[in-house]
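Source file: data-v5.cif; contents: mmCIF, C-alpha atoms.
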```cif
data_my_file
#
loop_
_atom_site.label_atom_id
_atom_site.label_comp_id
_atom_site.auth_asym_id
_atom_site.auth_seq_id
_atom_site.Cartn_x
_atom_site.Cartn_y
_atom_site.Cartn_z
CA MET P 1 0.00 0.00 0.00
CA ASP P 2 1.28 3.43 -0.97
CA THR P 3 2.02 5.96 1.74
CA LEU P 4 -0.81 8.45 1.71
CA PRO P 5 -0.18 12.21 1.93
CA SER P 6 -2.98 12.73 4.47
CA GLN P 7 -4.00 11.16 7.79
CA ILE P 8 -7.66 11.95 7.12
CA LEU P 9 -7.51 10.14 3.79
CA GLU P 10 -5.69 7.21 5.36
CA ASN P 11 -8.31 6.95 8.11
CA THR P 12 -11.12 6.89 5.52
CA VAL P 13 -9.30 4.23 3.48
CA ASN P 14 -8.87 2.09 6.61
CA GLU P 15 -12.56 2.33 7.49
CA LEU P 16 -13.73 1.65 3.91
CA SER P 17 -11.44 -1.37 3.59
CA LYS P 18 -13.39 -3.06 6.42
CA LEU P 19 -16.26 -3.59 3.96
CA PRO P 20 -16.44 -7.21 2.80
CA GLY P 21 -14.27 -7.92 -0.26
CA ILE P 22 -12.79 -4.40 -0.31
CA GLY P 23 -9.00 -4.07 -0.11
CA LYS P 24 -6.94 -0.96 0.58
CA ARG P 25 -6.53 -0.19 -3.11
CA THR P 26 -10.27 -0.25 -3.86
CA ALA P 27 -10.93 1.69 -0.66
CA LEU P 28 -8.50 4.37 -1.90
CA ARG P 29 -10.34 4.46 -5.23
CA PHE P 30 -13.63 4.94 -3.33
CA ALA P 31 -12.15 7.74 -1.20
CA LEU P 32 -10.66 9.63 -4.17
CA HIS P 33 -13.95 9.19 -6.05
CA LEU P 34 -15.89 10.61 -3.09
CA LEU P 35 -13.53 13.60 -2.94
CA LYS P 36 -14.58 14.51 -6.50
CA GLN P 37 -18.32 14.32 -5.69
CA PRO P 38 -20.39 17.21 -4.35
CA LYS P 39 -19.94 17.44 -0.58
CA SER P 40 -23.67 16.83 -0.04
CA ASP P 41 -23.49 13.41 -1.75
CA VAL P 42 -20.88 12.18 0.70
CA GLU P 43 -22.78 13.64 3.64
CA ASN P 44 -25.90 11.79 2.43
CA LEU P 45 -23.91 8.54 2.41
CA ALA P 46 -22.55 9.21 5.90
CA SER P 47 -25.98 10.03 7.31
CA ALA P 48 -27.54 6.99 5.58
CA LEU P 49 -24.97 4.80 7.34
CA THR P 50 -25.63 6.44 10.69
CA ARG P 51 -29.41 6.09 10.28
CA LEU P 52 -28.94 2.45 9.24
CA VAL P 53 -27.42 1.48 12.58
CA THR P 54 -29.36 3.85 14.84
CA GLU P 55 -32.89 3.76 13.41
CA ILE P 56 -33.39 0.33 11.89
CA LYS P 57 -35.57 -2.11 13.79
CA TYR P 58 -36.26 -5.79 13.64
CA CYS P 59 -39.87 -7.02 13.30
CA GLN P 60 -41.00 -8.25 16.73
CA LYS P 61 -42.85 -11.12 15.08
CA CYS P 62 -40.63 -12.50 12.30
CA HIS P 63 -37.26 -10.83 13.16
CA CYS P 64 -36.90 -9.40 9.65
CA ILE P 65 -35.41 -5.92 9.14
CA SER P 66 -38.11 -3.30 9.44
CA ASP P 67 -38.71 0.43 9.86
CA SER P 68 -41.31 -0.18 12.58
CA ASP P 69 -42.16 -2.78 15.21
CA LEU P 70 -43.98 -4.92 12.65
CA CYS P 71 -42.55 -5.49 9.17
CA PRO P 72 -44.64 -4.85 6.02
CA THR P 73 -45.24 -8.60 5.58
CA CYS P 74 -46.40 -9.28 9.14
CA SER P 75 -48.69 -6.24 9.16
CA ASN P 76 -50.26 -7.08 5.77
CA PRO P 77 -53.79 -8.51 6.37
CA ASN P 78 -53.78 -10.09 2.90
CA ARG P 79 -50.99 -12.53 3.79
CA ASN P 80 -51.96 -16.03 4.85
CA GLN P 81 -51.50 -15.85 8.63
CA SER P 82 -51.50 -19.64 9.08
CA ILE P 83 -48.28 -20.52 7.20
CA ILE P 84 -44.79 -19.64 8.42
CA CYS P 85 -41.72 -20.07 6.23
CA VAL P 86 -38.56 -20.45 8.37
CA VAL P 87 -35.39 -19.03 6.81
CA GLU P 88 -31.81 -18.45 7.90
CA ASN P 89 -31.52 -14.74 7.16
CA ILE P 90 -33.06 -11.62 5.69
CA GLN P 91 -31.58 -12.19 2.22
CA ASP P 92 -33.57 -15.46 2.06
CA VAL P 93 -36.80 -13.57 2.80
CA MET P 94 -36.04 -11.19 -0.06
CA ALA P 95 -35.20 -14.08 -2.43
CA ILE P 96 -38.51 -15.86 -1.67
CA GLU P 97 -40.51 -12.61 -1.86
CA ASN P 98 -38.97 -12.07 -5.29
CA THR P 99 -40.51 -15.32 -6.60
CA ARG P 100 -44.05 -14.00 -5.76
CA GLN P 101 -44.98 -17.64 -5.04
CA PHE P 102 -45.42 -17.39 -1.27
CA GLY P 103 -48.24 -15.54 0.43
CA GLY P 104 -47.67 -16.54 4.05
CA LEU P 105 -45.50 -15.16 6.85
CA TYR P 106 -41.81 -15.61 7.59
CA HIS P 107 -39.62 -16.36 10.56
CA VAL P 108 -35.95 -15.34 10.38
CA LEU P 109 -33.78 -17.59 12.57
CA GLY P 110 -30.71 -15.36 12.32
CA GLY P 111 -28.45 -18.31 11.49
CA VAL P 112 -28.35 -22.09 11.76
CA ILE P 113 -27.11 -24.36 14.55
CA SER P 114 -23.33 -24.58 14.18
CA PRO P 115 -21.30 -25.85 17.16
CA ILE P 116 -18.03 -25.10 15.30
CA ASP P 117 -18.95 -21.40 15.02
CA GLY P 118 -20.33 -21.45 18.58
CA ILE P 119 -23.93 -20.90 17.40
CA GLY P 120 -26.31 -22.83 19.63
CA ILE P 121 -30.07 -23.09 19.96
CA ASN P 122 -30.29 -20.05 22.23
CA ASP P 123 -28.47 -17.81 19.74
CA LEU P 124 -31.28 -18.30 17.23
CA SER P 125 -34.90 -17.16 17.42
CA ILE P 126 -36.14 -20.75 17.85
CA ALA P 127 -37.99 -20.13 21.13
CA ASP P 128 -39.84 -17.23 19.48
CA LEU P 129 -40.83 -19.50 16.57
CA LEU P 130 -42.25 -22.13 18.95
CA GLU P 131 -44.12 -19.40 20.83
CA ARG P 132 -45.64 -18.15 17.57
CA VAL P 133 -46.71 -21.71 16.63
CA GLU P 134 -48.26 -22.10 20.07
CA LYS P 135 -50.07 -18.74 20.29
CA GLU P 136 -50.93 -17.89 16.68
CA ASP P 137 -53.22 -20.06 14.60
CA ILE P 138 -50.43 -21.69 12.55
CA LYS P 139 -51.32 -24.68 10.36
CA GLU P 140 -48.06 -25.23 8.46
CA VAL P 141 -44.38 -24.50 8.97
CA ILE P 142 -42.19 -24.61 5.83
CA LEU P 143 -38.49 -25.12 6.59
CA ALA P 144 -36.40 -23.32 3.94
CA LEU P 145 -32.94 -23.70 5.44
CA PRO P 146 -29.69 -24.33 3.54
CA THR P 147 -28.76 -27.93 2.63
CA THR P 148 -25.56 -27.86 4.64
CA MET P 149 -24.71 -30.01 7.63
CA GLU P 150 -25.70 -27.09 9.88
CA GLY P 151 -28.92 -26.47 7.95
CA ASP P 152 -29.90 -30.15 8.22
CA THR P 153 -29.11 -30.23 11.93
CA THR P 154 -31.37 -27.21 12.41
CA ASN P 155 -34.07 -28.82 10.25
CA PHE P 156 -34.06 -31.97 12.37
CA TYR P 157 -34.07 -30.05 15.65
CA LEU P 158 -36.96 -27.81 14.54
CA HIS P 159 -38.91 -30.78 13.20
CA LYS P 160 -38.58 -32.56 16.54
CA GLN P 161 -39.65 -29.47 18.52
CA LEU P 162 -42.58 -28.75 16.18
CA GLN P 163 -43.98 -32.27 16.58
CA LYS P 164 -45.27 -31.17 20.01
CA TYR P 165 -47.73 -28.85 18.28
CA ASP P 166 -50.67 -29.48 15.98
CA VAL P 167 -48.90 -28.18 12.89
CA SER P 168 -47.72 -29.77 9.66
CA VAL P 169 -44.03 -29.35 8.83
CA SER P 170 -42.64 -29.33 5.28
CA THR P 171 -39.35 -28.42 3.62
CA ILE P 172 -38.86 -26.74 0.27
CA ALA P 173 -38.33 -29.11 -2.68
CA ARG P 174 -34.76 -30.02 -3.57
CA GLY P 175 -34.13 -31.17 -7.11
CA ILE P 176 -32.68 -30.34 -10.50
CA ALA P 177 -32.80 -26.60 -11.17
CA ILE P 178 -35.01 -25.55 -14.07
CA GLY P 179 -32.87 -25.37 -17.23
CA ASP P 180 -30.14 -27.68 -15.84
CA ASN P 181 -28.98 -30.87 -17.59
CA LEU P 182 -29.49 -34.15 -15.66
CA GLU P 183 -26.09 -35.22 -16.97
CA TYR P 184 -24.21 -32.63 -14.92
CA ALA P 185 -26.28 -32.81 -11.73
CA ASP P 186 -24.67 -34.28 -8.61
CA GLU P 187 -25.89 -37.76 -7.57
CA ILE P 188 -27.43 -36.64 -4.27
CA THR P 189 -29.59 -33.95 -5.88
CA LEU P 190 -30.61 -36.21 -8.77
CA GLY P 191 -31.34 -39.11 -6.40
CA ARG P 192 -33.46 -36.85 -4.18
CA SER P 193 -35.33 -35.48 -7.22
CA ILE P 194 -36.42 -39.05 -8.10
CA LEU P 195 -37.35 -40.01 -4.53
CA ASN P 196 -39.39 -36.81 -4.13
CA ARG P 197 -41.01 -36.93 -7.56
CA VAL P 198 -44.26 -34.99 -7.97
CA PRO P 199 -47.47 -36.21 -9.67
CA PHE P 200 -47.49 -34.39 -13.01
CA GLU P 201 -50.87 -32.77 -12.45
CA ASN P 202 -49.53 -31.16 -9.21
CA VAL P 203 -46.51 -29.47 -10.79
CA PHE P 204 -48.08 -26.10 -11.40
CA LYS P 205 -50.57 -26.25 -8.55
CA SER P 206 -50.31 -23.27 -6.24
CA ASN P 207 -51.33 -23.45 -2.59
CA ARG P 208 -51.09 -19.76 -1.84
CA MET T 1 -33.35 -5.84 -7.45
CA ASP T 2 -35.36 -7.38 -4.62
CA THR T 3 -37.91 -5.25 -2.84
CA LEU T 4 -36.42 -4.35 0.50
CA PRO T 5 -38.44 -4.57 3.72
CA SER T 6 -37.17 -1.22 4.99
CA GLN T 7 -36.93 2.31 3.58
CA ILE T 8 -33.85 3.01 5.73
CA LEU T 9 -32.08 -0.05 4.32
CA GLU T 10 -33.11 0.91 0.77
CA ASN T 11 -31.77 4.43 1.24
CA THR T 12 -28.42 3.08 2.47
CA VAL T 13 -28.24 0.65 -0.46
CA ASN T 14 -28.93 3.49 -2.91
CA GLU T 15 -26.19 5.67 -1.40
CA LEU T 16 -23.63 2.83 -1.29
CA SER T 17 -24.35 1.85 -4.89
CA LYS T 18 -23.10 5.27 -6.02
CA LEU T 19 -19.54 4.10 -5.22
CA PRO T 20 -17.60 3.26 -8.42
CA GLY T 21 -18.10 -0.33 -9.55
CA ILE T 22 -20.64 -1.11 -6.83
CA GLY T 23 -24.07 -2.36 -7.93
CA LYS T 24 -27.25 -2.65 -5.86
CA ARG T 25 -26.54 -6.26 -4.95
CA THR T 26 -23.06 -5.57 -3.57
CA ALA T 27 -24.38 -2.45 -1.83
CA LEU T 28 -26.99 -4.63 -0.12
CA ARG T 29 -24.26 -7.04 0.95
CA PHE T 30 -22.32 -4.08 2.41
CA ALA T 31 -25.41 -2.80 4.26
CA LEU T 32 -26.30 -6.20 5.75
CA HIS T 33 -22.65 -6.69 6.71
CA LEU T 34 -22.60 -3.31 8.46
CA LEU T 35 -25.79 -4.20 10.36
CA LYS T 36 -23.93 -7.14 11.91
CA GLN T 37 -20.98 -5.01 13.03
CA PRO T 38 -20.77 -3.13 16.34
CA LYS T 39 -22.63 0.17 16.03
CA SER T 40 -19.41 2.12 16.77
CA ASP T 41 -17.66 0.62 13.70
CA VAL T 42 -20.32 1.99 11.38
CA GLU T 43 -20.31 5.35 13.14
CA ASN T 44 -16.52 5.48 12.69
CA LEU T 45 -16.98 4.89 8.96
CA ALA T 46 -19.67 7.57 8.73
CA SER T 47 -17.56 10.12 10.60
CA ALA T 48 -14.47 9.27 8.52
CA LEU T 49 -16.48 10.04 5.38
CA THR T 50 -17.76 13.31 6.84
CA ARG T 51 -14.26 14.34 7.91
CA LEU T 52 -12.93 13.41 4.47
CA VAL T 53 -15.10 15.98 2.70
CA THR T 54 -15.13 18.66 5.39
CA GLU T 55 -11.57 18.66 6.72
CA ILE T 56 -9.34 17.60 3.87
CA LYS T 57 -7.29 20.31 2.20
CA TYR T 58 -5.26 20.63 -0.96
CA CYS T 59 -1.63 21.72 -0.77
CA GLN T 60 -1.48 25.38 -1.83
CA LYS T 61 1.78 24.72 -3.65
CA CYS T 62 1.43 21.37 -5.47
CA HIS T 63 -2.38 20.81 -5.22
CA CYS T 64 -1.90 17.36 -3.69
CA ILE T 65 -4.27 16.15 -0.96
CA SER T 66 -3.06 17.31 2.43
CA ASP T 67 -4.10 17.73 6.07
CA SER T 68 -2.68 21.25 6.17
CA ASP T 69 -1.95 24.15 3.80
CA LEU T 70 1.34 22.58 2.73
CA CYS T 71 1.60 18.84 2.01
CA PRO T 72 4.32 16.71 3.69
CA THR T 73 6.39 16.70 0.47
CA CYS T 74 6.31 20.47 -0.10
CA SER T 75 7.12 21.18 3.55
CA ASN T 76 10.02 18.69 3.66
CA PRO T 77 13.33 20.68 3.57
CA ASN T 78 15.19 17.53 2.43
CA ARG T 79 13.40 17.42 -0.93
CA ASN T 80 15.14 18.96 -3.93
CA GLN T 81 13.29 22.27 -4.29
CA SER T 82 14.52 22.87 -7.83
CA ILE T 83 12.81 19.96 -9.64
CA ILE T 84 9.06 19.74 -10.21
CA CYS T 85 7.41 16.57 -11.50
CA VAL T 86 4.08 17.38 -13.20
CA VAL T 87 1.42 14.64 -12.89
CA GLU T 88 -2.25 14.28 -13.76
CA ASN T 89 -3.61 13.29 -10.35
CA ILE T 90 -2.90 12.36 -6.75
CA GLN T 91 -2.68 8.62 -7.48
CA ASP T 92 0.28 9.36 -9.76
CA VAL T 93 2.06 11.19 -6.92
CA MET T 94 1.59 8.13 -4.71
CA ALA T 95 2.81 5.77 -7.46
CA ILE T 96 6.00 7.81 -7.99
CA GLU T 97 6.58 8.24 -4.24
CA ASN T 98 6.33 4.46 -3.96
CA THR T 99 9.33 3.99 -6.28
CA ARG T 100 11.56 6.03 -3.89
CA GLN T 101 13.44 7.24 -6.98
CA PHE T 102 12.31 10.87 -6.96
CA GLY T 103 13.41 13.41 -4.38
CA GLY T 104 11.97 16.61 -5.86
CA LEU T 105 8.57 18.29 -5.65
CA TYR T 106 5.31 17.62 -7.48
CA HIS T 107 2.64 19.58 -9.26
CA VAL T 108 -0.81 17.98 -9.62
CA LEU T 109 -2.62 19.30 -12.71
CA GLY T 110 -5.97 17.78 -11.72
CA GLY T 111 -6.50 16.32 -15.20
CA VAL T 112 -5.27 16.73 -18.78
CA ILE T 113 -6.51 18.96 -21.59
CA SER T 114 -9.51 17.19 -23.13
CA PRO T 115 -11.86 19.24 -25.32
CA ILE T 116 -14.24 16.24 -25.64
CA ASP T 117 -14.74 16.15 -21.85
CA GLY T 118 -14.83 19.95 -21.74
CA ILE T 119 -11.55 20.19 -19.81
CA GLY T 120 -9.64 23.25 -20.95
CA ILE T 121 -6.47 25.01 -19.86
CA ASN T 122 -8.24 27.02 -17.19
CA ASP T 123 -9.70 23.90 -15.53
CA LEU T 124 -6.20 22.68 -14.72
CA SER T 125 -3.61 24.17 -12.37
CA ILE T 126 -1.38 25.23 -15.28
CA ALA T 127 -1.25 28.93 -14.35
CA ASP T 128 -0.14 27.94 -10.82
CA LEU T 129 2.60 25.75 -12.30
CA LEU T 130 3.93 28.61 -14.45
CA GLU T 131 3.80 30.93 -11.43
CA ARG T 132 5.84 28.41 -9.43
CA VAL T 133 8.41 28.14 -12.22
CA GLU T 134 8.63 31.94 -12.36
CA LYS T 135 8.82 32.63 -8.62
CA GLU T 136 10.57 29.59 -7.17
CA ASP T 137 14.10 28.64 -8.14
CA ILE T 138 13.09 25.78 -10.46
CA LYS T 139 15.77 24.24 -12.70
CA GLU T 140 13.90 21.29 -14.21
CA VAL T 141 10.30 20.32 -14.93
CA ILE T 142 9.64 16.61 -15.52
CA LEU T 143 6.41 15.93 -17.40
CA ALA T 144 4.92 12.60 -16.23
CA LEU T 145 1.56 12.69 -17.99
CA PRO T 146 -0.27 9.74 -19.56
CA THR T 147 0.61 8.72 -23.14
CA THR T 148 -2.85 9.39 -24.44
CA MET T 149 -3.89 11.94 -27.04
CA GLU T 150 -4.97 14.24 -24.17
CA GLY T 151 -1.76 13.62 -22.25
CA ASP T 152 0.35 14.42 -25.32
CA THR T 153 -1.67 17.58 -26.04
CA THR T 154 -1.04 18.73 -22.48
CA ASN T 155 2.66 17.83 -22.79
CA PHE T 156 3.04 19.96 -25.92
CA TYR T 157 1.13 22.89 -24.43
CA LEU T 158 3.16 22.83 -21.22
CA HIS T 159 6.42 22.49 -23.14
CA LYS T 160 5.55 25.54 -25.23
CA GLN T 161 4.59 27.60 -22.17
CA LEU T 162 7.68 26.52 -20.21
CA GLN T 163 10.04 27.61 -23.00
CA LYS T 164 9.45 31.21 -21.84
CA TYR T 165 11.34 30.43 -18.63
CA ASP T 166 14.91 29.43 -17.93
CA VAL T 167 14.07 25.84 -17.07
CA SER T 168 14.85 22.49 -18.68
CA VAL T 169 11.85 20.30 -19.53
CA SER T 170 11.99 16.49 -19.69
CA THR T 171 9.45 13.67 -19.87
CA ILE T 172 9.63 10.30 -18.16
CA ALA T 173 11.17 7.50 -20.26
CA ARG T 174 8.78 5.37 -22.31
CA GLY T 175 9.98 1.89 -23.25
CA ILE T 176 9.69 -1.81 -22.68
CA ALA T 177 8.64 -2.59 -19.09
CA ILE T 178 11.19 -4.49 -17.03
CA GLY T 179 10.45 -8.21 -17.34
CA ASP T 180 8.50 -7.85 -20.60
CA ASN T 181 9.34 -9.74 -23.81
CA LEU T 182 10.27 -7.61 -26.83
CA GLU T 183 8.27 -10.05 -28.94
CA TYR T 184 4.96 -9.01 -27.42
CA ALA T 185 5.62 -5.25 -27.14
CA ASP T 186 3.65 -2.90 -29.39
CA GLU T 187 5.60 -1.32 -32.27
CA ILE T 188 5.27 2.26 -31.01
CA THR T 189 6.70 1.47 -27.57
CA LEU T 190 9.48 -0.71 -29.02
CA GLY T 191 10.29 1.90 -31.67
CA ARG T 192 10.44 4.66 -29.02
CA SER T 193 12.64 2.50 -26.78
CA ILE T 194 15.21 2.25 -29.60
CA LEU T 195 15.04 5.96 -30.52
CA ASN T 196 15.45 6.93 -26.85
CA ARG T 197 18.15 4.37 -26.03
CA VAL T 198 20.34 5.11 -23.02
CA PRO T 199 24.17 4.83 -22.82
CA PHE T 200 24.73 1.66 -20.81
CA GLU T 201 26.79 3.40 -18.14
CA ASN T 202 23.87 5.77 -17.44
CA VAL T 203 21.24 3.09 -16.82
CA PHE T 204 21.55 2.94 -13.05
CA LYS T 205 22.63 6.54 -12.57
CA SER T 206 20.47 8.41 -10.12
CA ASN T 207 20.10 12.18 -10.23
CA ARG T 208 18.27 12.59 -6.96
#
```
Can you present the structure in this file as structure tokens?
Amino acid sequence: MDTLPSQILENTVNELSKLPGIGKRTALRFALHLLKQPKSDVENLASALTRLVTEIKYCQKCHCISDSDLCPTCSNPNRNQSIICVVENIQDVMAIENTRQFGGLYHVLGGVISPIDGIGINDLSIADLLERVEKEDIKEVILALPTTMEGDTTNFYLHKQLQKYDVSVSTIARGIAIGDNLEYADEITLGRSILNRVPFENVFKSNR
Amino acid sequence: MDTLPSQILENTVNELSKLPGIGKRTALRFALHLLKQPKSDVENLASALTRLVTEIKYCQKCHCISDSDLCPTCSNPNRNQSIICVVENIQDVMAIENTRQFGGLYHVLGGVISPIDGIGINDLSIADLLERVEKEDIKEVILALPTTMEGDTTNFYLHKQLQKYDVSVSTIARGIAIGDNLEYADEITLGRSILNRVPFENVFKSNR
């Protein structure tokens, strides 16, 4: 890294290079770019960052990011209040919302059980999920967790806990992605796609 | 782009995506990363950005970024005060400083003459450069501008202007980069490297 002619610049470069995937050289490019912008643009960025960490809330029901105590999904009366889709994080909520195929509610766990990373049951919002299943009129819980060892562990734990309640538990379908060749699919995915085959007349059936 | 569950988050993503080379998706990754960091880290970043645009100065002599009215180079009595190296921007100053081969002063033009981009002589710090050459005891001006059409135009203009003063004008050597094969070099560079050949005994001579 070059020696910089200014402490203020160096400080900004150091802070910017803490962003994921950003090295000192890119951070310097950002800083020099910002110096060429109108002062108000940079002040807008700075205040957006400050507001992000001071004003943002998490939905008290589903733990998704929100501007108020209840997120837009949880406070929408048109959503099906009897289905909860359990996901690892907020990005997963956005990905599912983007498909426009799900009309129920969400529950963001905030991670998956991972002893190696020191993430246990009490670090996740599992107790809150069970409380929702107990108190709200929930008929189905869809588990949409990653197919990793940690995701599967969490799936099994949640399934076991949810059996105590009068609720059906499902997981999202795993199989060959649309457009993919069978030839290049891994054996586990292909095997699972045969075991979990779907009656043809059900393929396009929606249960929103 | 996914619909975001929060206006505050969306605002931050919009501001971050104004950084060069950063799209909405990467900006979202930055924002969600920042949300997981300690609040003080994000506030440090925000205040570094604010300080960058409010407190940073430009050296009154060489126009380089600086924390005070004179940059560390211009205020260093050990630098050779009689040689000025003219560069396009601050990154070029840092690149040359990094070589540790130059002990003189700099002059940052802030760009090169480019009629297409609407950059004329008065948009650059050319008048300041000529004033320095006139008032300071300058013996040599090294032109280290890019080898583009705009860079060459600026070179010629500066050379013409500098002829009015008792100062020698040079440009940095253009040639085959160290480690490069002649075979793959472009004809113009290779041709110039033969025209501007250097007596062997001068190759490692330093004139710091």
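The space between CA of Cys85 in chain P and CA of Asn181 in chain P spans 29.1 Å.
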Contact residues (chain T, partner chain P, 7 Å, all atoms listed in the file) as JSON, numbers by chain
{"T": [2, 3, 4, 5, 6, 7, 8, 9, 11, 12, 15, 16, 19, 20, 30, 35, 39, 42, 43, 45, 46, 47, 48, 49, 50, 52, 53, 56, 65, 66, 67, 71, 72, 94, 98]}
Kindly resolve the PyMOL selection byres ((chain P and resi 105-121) around 8) on the present coordinates and return the residues as a PyMOL selection string.
chain P and resi 61-64+73-74+79-90+93+103-104+122-126+129+145+150-151+153-154
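The coordinates place CA of Met149 in chain T at 24.0 Å from CA of Lys164 in chain T.
Taking CA of Arg174 in chain P as the reference point, CA of Ser193 in chain P is found at 6.6 Å.
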How would you write, as a PDB file with C-alpha atoms, keeping the file's coordinate frame, the residues chosen by the PyMOL selection byres ((chain P and resi 141) around 9) on this structure?
```
ATOM      1  CA  SER P  82     -51.500 -19.640   9.080  1.00  0.00           C
ATOM      2  CA  ILE P  83     -48.280 -20.520   7.200  1.00  0.00           C
ATOM      3  CA  ILE P  84     -44.790 -19.640   8.420  1.00  0.00           C
ATOM      4  CA  CYS P  85     -41.720 -20.070   6.230  1.00  0.00           C
ATOM      5  CA  VAL P  86     -38.560 -20.450   8.370  1.00  0.00           C
ATOM      6  CA  VAL P 133     -46.710 -21.710  16.630  1.00  0.00           C
ATOM      7  CA  ILE P 138     -50.430 -21.690  12.550  1.00  0.00           C
ATOM      8  CA  LYS P 139     -51.320 -24.680  10.360  1.00  0.00           C
ATOM      9  CA  GLU P 140     -48.060 -25.230   8.460  1.00  0.00           C
ATOM     10  CA  ILE P 142     -42.190 -24.610   5.830  1.00  0.00           C
ATOM     11  CA  LEU P 143     -38.490 -25.120   6.590  1.00  0.00           C
ATOM     12  CA  LEU P 162     -42.580 -28.750  16.180  1.00  0.00           C
ATOM     13  CA  VAL P 167     -48.900 -28.180  12.890  1.00  0.00           C
ATOM     14  CA  SER P 168     -47.720 -29.770   9.660  1.00  0.00           C
ATOM     15  CA  VAL P 169     -44.030 -29.350   8.830  1.00  0.00           C
ATOM     16  CA  SER P 170     -42.640 -29.330   5.280  1.00  0.00           C
ATOM     17  CA  THR P 171     -39.350 -28.420   3.620  1.00  0.00           C
TER      18      THR P 171
END
```
Where's the centre, and what are the edge lengths in Å to one decimal, of a box along x, y and z enclosing all listed atoms of range 142-148 of chain P padded 8 Å per side, as AutoDock Vina command-line options?
```
--center_x -33.9 --center_y -25.6 --center_z 4.6 --size_x 32.6 --size_y 20.6 --size_z 20.0
```
Put range 157-168 of chain P into a file with C-alpha atoms, as a tab-separated table (two decimals), in the first residue's frame.
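Final file, decode.tsv:
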```tsv
chain	number	residue	atom	x	y	z
P	157	TYR	CA	-34.07	-30.05	15.65
P	158	LEU	CA	-36.96	-27.81	14.54
P	159	HIS	CA	-38.91	-30.78	13.20
P	160	LYS	CA	-38.58	-32.56	16.54
P	161	GLN	CA	-39.65	-29.47	18.52
P	162	LEU	CA	-42.58	-28.75	16.18
P	163	GLN	CA	-43.98	-32.27	16.58
P	164	LYS	CA	-45.27	-31.17	20.01
P	165	TYR	CA	-47.73	-28.85	18.28
P	166	ASP	CA	-50.67	-29.48	15.98
P	167	VAL	CA	-48.90	-28.18	12.89
P	168	SER	CA	-47.72	-29.77	9.66
```
